[in-house]
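Asker: Can you keep this structure in mind? I'll have questions shortly.
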Amino acid sequence: MNLEEFSNSLFDEVCLLHKELCVIPAPSHFEDKRAEYILNYLKDAGINNAYIDKAKNVVCTLGEESEKIALFEAHSDTVFPMETPLNYIVEDDIIKCPGAGDDTGSLAVMLCCVKYMAQNNIVPKKKIMFVANSCEEGLGNLKGTRKIFKDYGNRIDRMYSFDSSFKKIVNKSVGSHRYEVTAITEGGHSFGMFGNRNAISVLARIINDIYSIEVPKIGNSKTTYNVGIISGGTSVNTIAQSASMLCEYRSDNVDCLAEMKNKFENIFKNAEQLCIELKVELVGDRPCMSNSMDMDTLEKITKKAIRIQSKHTNCAVELDSGSTDCNIPHSLGIPAVALSNCNWGGIHTTGEWIEKSSLKTGLKITMELILEEGGLL
């Protein structure tokens, strides 16, 4: 296949598909309309095995039957609430729209490649699964990818996630635990009941303890913590009866992640005596890489991704750790990398943008990688 001619022939289509996907709201857990659109797109291409699963993933396969499956994913959800205006603006080679790059550009490119293969009877020699997966962002908690690996388990022997930048490939996962913590106290009037316990003060003590943690380090690992949101209280002259916060810790080392879990749990336990009730809910759980990882295959697919991505982008590619859909296969010891098939910026802002011409580059990256994994190159 001449990849240059292929990408030129599909450029208009991928741009149109990108626009149509961008203006469909798809917050995590609410990808229904986008999933329905994608399913119809695949069915119209003649892919009759496409379906939407219970996690709102859109799934299809191409290729001959084989014991093992190669998985390709791009996530369908965005970080933006349903009411966010999705204004699609084109300025020369720049397209602006909330979610335009993360991950709608990657999704459009992958879907165009799948449609082209189906309509041109390009049959991989190995079964290849394509998934427009749900709930990659934030408290989506990787629900979509969890479902895929629950359903197909060890049949998947490698995964490629299109969710990165031209200069980076993620081949090591950052795990995290996220908590909502709520303190309940007596509260009361700030003058008349002075001395009663204050829920905000309780959280302040917890936050102080968190920020006193000495993070563990094993080799070149990185571990962090953060308190991202605090809320509560009634008025300036009210002793706060209830206050809540969202906090997390992250690490790219499974043993460091376990150590942070113990530190946070001890802080929460010690704080129970400071209030009437301390409610702690685990709202996010992203695993990191298992010590049982097949490192030989991970190195092999990493080198393949670097070679193909750098070849078509003319960019030097660096390896990095990150929190992506790869966390799930990595936690199971299954090799996975997150690579790029478009160039974007302003991630997670309403000014998010994508370089329109990069979609053409992405078509070449995606198709070459699929053909190699399918034994056709």
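Every chain in the structure tokens takes a letter, A first, then B, and so on in the order presented; its residues are numbered from 1, and the ligands are numbered from 1 following the presented order.
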Residues of segment 44-110 of chain A in strand (DSSP E) according to DSSP, as a list in words?
Answerer: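 The strand (DSSP E) subset of segment 44-110 of chain A is Tyr51, Ile52, Val58, Val59, Cys60, Thr61, Leu62, Ile69, Ala70, Leu71, Phe72, Glu73, Ala74, His75, Ile89, Val90, Glu91, Ile94, Ile95 and Lys96 of chain A.
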Asker: Could you turn the residues from that selection into a file that holds C-alpha atoms, as a short mmCIF file (atom, residue, chain, number, x, y, z; two decimals), in the first residue's frame?
Answerer:
```
data_model
loop_
_atom_site.label_atom_id
_atom_site.label_comp_id
_atom_site.auth_asym_id
_atom_site.auth_seq_id
_atom_site.Cartn_x
_atom_site.Cartn_y
_atom_site.Cartn_z
CA TYR A 51 -21.52 -3.64 18.74
CA ILE A 52 -21.85 -1.45 21.84
CA VAL A 58 -17.94 0.41 20.53
CA VAL A 59 -16.17 -2.81 19.53
CA CYS A 60 -15.40 -4.48 16.20
CA THR A 61 -12.86 -6.92 14.80
CA LEU A 62 -11.14 -7.51 11.48
CA ILE A 69 -5.85 -10.65 19.56
CA ALA A 70 -4.05 -7.35 18.99
CA LEU A 71 -6.09 -4.48 20.44
CA PHE A 72 -6.23 -0.90 19.14
CA GLU A 73 -8.07 1.76 21.15
CA ALA A 74 -8.95 5.45 21.09
CA HIS A 75 -11.22 6.79 23.82
CA ILE A 89 -13.59 26.70 14.71
CA VAL A 90 -11.13 26.30 11.82
CA GLU A 91 -8.34 28.87 11.53
CA ILE A 94 -5.70 24.84 13.38
CA ILE A 95 -9.01 23.37 14.52
CA LYS A 96 -10.31 24.54 17.89
#
```
Asker: Taking only C-alpha atoms into account, name the residue in A:His177, A:Ala336, A:Ala240, A:Lys311 that is nearest to Ser161 of chain A.
Answerer: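 Of all the options, A:Ala336 lies closest to Ser161 of chain A.
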Asker: Which of these, A:Ala118, A:Ala258, A:Val181, A:Cys275, has the shortest distance to Met245 of chain A once you count only C-alpha atoms?
Answerer: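 Going through A:Ala118, A:Ala258, A:Val181, A:Cys275 one by one, the smallest distance to Met245 of chain A is for A:Val181.
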Asker: Could you pull out the helix (DSSP H, G or I) residues of segment 204-257 of chain A from DSSP and send them as a list in words?
Answerer: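 Reading the DSSP output for segment 204-257 of chain A, helix (DSSP H, G or I) covers Ala204, Arg205, Ile206, Ile207, Asn208, Asp209, Ile210, Val254, Asp255, Cys256 and Leu257 of chain A.
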Asker: Have a look at A:Ser106, A:Ser331, A:Asn208, A:Asn220 and name the one nearest to Asp294 of chain A; count only C-alpha atoms.
Answerer: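 Ranked by minimum distance to Asp294 of chain A, first place goes to A:Ser331.
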Asker: Would you give me, as CSV, each residue of segment 156-185 of chain A having an atom within 12 Å of an atom of segment 344-356 of chain A, along with its shortest atom pair and that distance in Å to one decimal, using only C-alpha atoms and sorting by chain and residue number?
Answerer:
```
residue,atom,partner,partner_atom,distance
A:Asp163,CA,A:Trp344,CA,10.5
A:Ser164,CA,A:Trp344,CA,9.1
A:Ser165,CA,A:Trp344,CA,7.1
A:Phe166,CA,A:Trp344,CA,8.7
A:Lys167,CA,A:Trp344,CA,11.1
```
Asker: Which neighbours of segment 289-292 of chain A fall inside 10 Å, counting only C-alpha atoms, when residues of the same chain fewer than 3 positions from it are skipped, and could you give them as a PyMOL selection string?
Answerer: chain A and resi 171-175+251-255+295+326-335
Asker: Output the selection as a CSV table (one decimal), in the first residue's frame - C-alpha atoms for each residue.
Answerer:
```
chain,number,residue,atom,x,y,z
A,171,ASN,CA,5.1,2.7,27.8
A,172,LYS,CA,5.0,2.9,31.7
A,173,SER,CA,1.8,3.4,33.7
A,174,VAL,CA,1.2,5.8,36.5
A,175,GLY,CA,-1.3,4.3,38.9
A,251,SER,CA,3.1,6.4,41.4
A,252,ASP,CA,4.7,4.6,38.5
A,253,ASN,CA,5.9,1.8,40.8
A,254,VAL,CA,3.5,-0.7,42.2
A,255,ASP,CA,5.3,-1.0,45.6
A,295,MET,CA,9.2,-7.0,29.2
A,326,CYS,CA,-2.6,1.2,29.1
A,327,ASN,CA,-2.8,1.0,32.9
A,328,ILE,CA,-5.3,-1.9,32.7
A,329,PRO,CA,-3.2,-4.2,30.5
A,330,HIS,CA,0.0,-3.2,32.3
A,331,SER,CA,-1.6,-4.2,35.6
A,332,LEU,CA,-2.3,-7.7,34.1
A,333,GLY,CA,1.3,-8.0,32.7
A,334,ILE,CA,0.1,-7.5,29.1
A,335,PRO,CA,2.3,-5.2,27.0
```
Asker: Env of segment 24-35 of chain A: 6 Å cut, atoms = only C-alpha atoms, seq-sep filter 3 positions within chain, self excluded. Answer as a compact mmCIF listing (two decimals) with N, CA and C atoms, in the first residue's frame.
Answerer:
```txt
# COMPACT_ATOMS: atom_id res chain seq x y z
N LEU A 21 -17.79 14.20 15.06
CA LEU A 21 -17.59 13.63 16.39
C LEU A 21 -17.43 14.72 17.44
N ILE A 38 -20.81 6.25 16.21
CA ILE A 38 -19.68 5.42 15.78
C ILE A 38 -20.17 4.05 15.31
N ASP A 77 -14.58 9.41 25.23
CA ASP A 77 -15.03 10.42 26.18
C ASP A 77 -14.10 11.62 26.22
N THR A 78 -14.62 12.73 26.73
CA THR A 78 -13.83 13.95 26.94
C THR A 78 -14.02 14.41 28.38
N VAL A 79 -13.25 15.41 28.79
CA VAL A 79 -13.35 15.90 30.16
C VAL A 79 -14.46 16.93 30.33
N PHE A 80 -15.11 17.34 29.24
CA PHE A 80 -16.01 18.49 29.29
C PHE A 80 -17.45 18.10 29.63
N PRO A 81 -18.08 18.82 30.56
CA PRO A 81 -19.47 18.54 30.93
C PRO A 81 -20.42 18.66 29.74
N MET A 82 -21.58 18.06 29.87
CA MET A 82 -22.56 18.00 28.79
C MET A 82 -22.96 19.39 28.28
N CYS A 135 -14.90 6.21 29.12
CA CYS A 135 -14.46 6.45 30.50
C CYS A 135 -12.94 6.37 30.72
N GLY A 140 -13.78 8.63 35.25
CA GLY A 140 -14.26 7.52 34.42
C GLY A 140 -13.61 6.21 34.84
```
Asker: Point out the residue among A:Tyr225, A:Ala199, A:Lys304, A:Tyr37 with the least atom-to-atom distance to Ala132 of chain A, counting only C-alpha atoms.
Answerer: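 Ranked by minimum distance to Ala132 of chain A, first place goes to A:Tyr37.
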Asker: So the first atom is atom CA of Lys115 of chain A and the second is atom CA of Ala45 of chain A; what is the distance between them in Å, to one decimal place?
Answerer: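 Computing it gives 5.5 Å between the two atoms.
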Asker: Which residues come within 8 Å of segment 202-204 of chain A, counting only C-alpha atoms, excluding same-chain residues fewer than 6 positions away, as number ranges by chain?
Answerer: A: 183, 243-245, 271, 274-275
Asker: Would you pick out the contacts of Asn120 of chain A at 12 Å or less, using only C-alpha atoms, so that residues sharing its chain but fewer than 5 positions from it are not included, and give the list as a count of residues only?
Answerer: 8
Asker: I'd like the interatomic distance between atom CA of Arg158 of chain A and atom CA of Leu298 of chain A, to a tenth of an Å.
Answerer: 8.2 Å
Asker: Within 9 Å of segment 360-371 of chain A, counting only C-alpha atoms, which residues show up once you throw out same-chain ones fewer than 5 positions away? Write them as a VMD selection string, please.
Answerer: chain A and resid 3 to 4 6 to 8 10 to 11 14 72 105 to 106 109 to 110 112 to 114 124 128 162 304 to 305 308 to 309 311 to 313 340 to 343 376 to 377
Asker: Considering only C-alpha atoms, can you say which of A:Val283, A:Leu86, A:Met260, A:Ile169 comes closest to Ala100 of chain A?
Answerer: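 Distance minimum relative to Ala100 of chain A lands on A:Leu86.
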Asker: Just how far from atom CA of Ala50 of chain A is atom CA of Lys150 of chain A, in Å to one decimal?
Answerer: 18.1 Å
Asker: Would you mind telling me which residue in A:Asn314, A:Thr224, A:Asn87, A:Ser323 lies nearest to Ser358 of chain A when using only C-alpha atoms?
Answerer: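 Once distances to Ser358 of chain A are computed over only C-alpha atoms, the minimum belongs to A:Asn314.
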